[in-house]
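**Q** So that we are looking at the same thing, I have put the structure below in structure tokens.
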Amino acid sequence: MANSKYEYVKCFELEDEIMFPNFILVWINACKLHKPYDVNTLKLMNSCAVAVLEEYADVVLAYGCSDEYTFVFKKTSKFYERRASKVLSIITSFFSSVFVRKWSEFFPQKELQSPPSFHGRAIACASIEALQAYLLWRQNICHLNNQYDQCFWRLVERGMNEREAHDFINGAKKCDLNDLLFDEFNVNYNTLEPIFRQGSCILKTMVEDVVKYTENGAPIKRHRRKIITLHSKKIASRRFWNEQSILLKELGGFVEEINCVKPEYVRSFEFDSKLMPSTWIVVRLDGCHFHRFSEIHEFVKPNDDRALNLMNSCAVAVLEEFKQDIVFAYGVSDEYSFILKKSTNLYQRRASKIISAIVSFFTSTYVMRWKDFFPQSDLKYPPSFDGRAVCYPSAEIVRDYLSWRQVDCHINNQYNSCFWKLVASGKTKREAQHSLKGAQLQKKIEELAIEYNKLPVMFRQGSSVFWDRVDNVLIHQENGESSEVYGKVIVKHIDIIGSAFWLEHPGILD
């Protein structure tokens, strides 16, 4: 990071480490996913969960049903040093990215209309017994919700609206929902596919593969890990657990059977905090391993306007999606900061839900719009972003935060301009780094004959995204007329360190 007088704003960041010996769980839930008993949707969710276990070695178990999934990390995990916000945002972001990429495999005749998003939370399970209770609770929820959904959506398909279907089921609560399903639709609940009734358990197991044969034909075998999907009746039972050697190794064994659990007990382990009221919330997301991502996708160095404009397009979409809450965004390179107004009550100011929902929506939009900016280049693997949320008590400090990011943009762009000019001249990357170590960048720019001030302003000042109020429209209503402000989200490449912009737009941080 660049050194500047604004770096004091980092002192407002709080650590959110999930301490040993707690187990780390990440629970995610789709924000908008209708008809959860659609088998293709469930298979898509399962495919995304498999991809998570393939991507992250520390995740050893996943359980999902309907529109949710829980990921369990091995007990000794140091994944992103156990910081709850990073762990949560990375898993949610990667899952969202895979969901978009795999959509056409499961819905080849149906175009994805809008970016899907998931919100979630990190959970700290204090013991193997707490983990067992959590898994039993989620599988019980799977059963109860599926009973309801099977009845509800069939009633809707039969002609009821959603309110009527809800009221009908509530009125029939005295009878068993299984009976209701049979009486109304002649469907035996117990014959429905296990993926609906029992959910999906995805885990790693050891298998033996033949890798080659000796000269006399004898097979040479090797053990390797394989990811499997099971639909077990009771994943929290000792019998199921003891059959999975990797779960015993990475998580431990269950001591006794449990048949019931109080939800309040499990919820007490949720690692979630409400952000301080009457403060500005800044959510900053960063691309995960984007150095590698940019190399594999052959981004132009030191700046690729296609990649930057894709990031800007995603930021515009975020402001449009969260228009009641996000008032400004600033982006540079593979990062973006979103400013939520201090009066926001988005997700009741729960940090985990705010971070995961914004990062997830941004990621989905990035994947969906990739071809708009890279029409000749396929997306080779799912990108992901991590995020964090920080509270700032005043508009002045928010401005200092944004100034810090813009100063960082300027200095990093100077460095990168010099670095890639040296590489282009024939130096290796190591030689270029050594040449710039401790150097005054302004002098280096002059030595290398870089016309820095003629570089595109987006490279030098980053991108500011905000609502441009364009019109007051008179709305005619039965009880009279009212005025409503209409506008659009715009992207500008401007100085936000000085006062001029903020004097011209006093309402942004009002």
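Chain labels A, B, ... are given in the sequence in which chains occur in the structure tokens; within each chain residues are numbered consecutively from 1, and ligands are likewise numbered from 1 in the order shown.
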Using only C-alpha atoms, which residues of stretch 91-148 of chain A come within 12 Å of stretch 382-402 of chain A, and what is the closest atom pair for each, with the distance in Å to one decimal? Give it as CSV, sorted by chain and residue number.
**A**
```
residue,atom,partner,partner_atom,distance
A:Ile91,CA,A:Ser384,CA,8.4
A:Thr92,CA,A:Ser384,CA,8.7
A:Ser93,CA,A:Ser384,CA,5.2
A:Phe94,CA,A:Ser384,CA,5.0
A:Phe95,CA,A:Ser384,CA,8.6
A:Ser96,CA,A:Ser384,CA,8.6
A:Ser97,CA,A:Pro382,CA,5.5
A:Val98,CA,A:Pro382,CA,6.0
A:Phe99,CA,A:Pro382,CA,9.5
A:Val100,CA,A:Pro382,CA,9.2
A:Arg101,CA,A:Pro382,CA,7.5
A:Lys102,CA,A:Pro382,CA,10.2
```
**Q** Going by DSSP on the backbone, which bits of stretch 28-168 of chain A are alpha helix (DSSP H)? Write them as a VMD selection string, please.
**A** chain A and resid 39 to 55 84 to 106 128 to 158 162 to 168
**Q** For stretch 223-240 of chain A, please output as a PyMOL selection string all residues within 9 Å (counting only C-alpha atoms; exclusion window: fewer than 4 positions along the same chain).
**A** chain A and resi 46+50+53-54+63+131-136+139+194-195+197-210+244+253-259
**Q** Could you list, as a ChimeraX atom specification, every residue within 10 Å of stretch 19-21 of chain A, counting only C-alpha atoms and ignoring same-chain residues fewer than 6 positions away?
**A** /A:75-78,81-84,124-127
**Q** Could you pull the residues within 10 Å of A:Leu25, counting only C-alpha atoms, minus those fewer than 6 positions along the same chain, as number ranges by chain?
**A** A: 59, 61-62, 70-74, 84, 87-88, 121-125, 131, 134, 269-271
**Q** Could you state the separation of atom CA of A:Glu68 and atom CA of A:Asp378 in Å, given to one decimal place?
**A**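 Answer for the atom CA of A:Glu68 to atom CA of A:Asp378 separation: 29.1 Å.
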**Q** Can you list, as a count of residues only, all residues belonging to stretch 36-274 of chain A that DSSP tags as strand (DSSP E or B)?
**A** 51
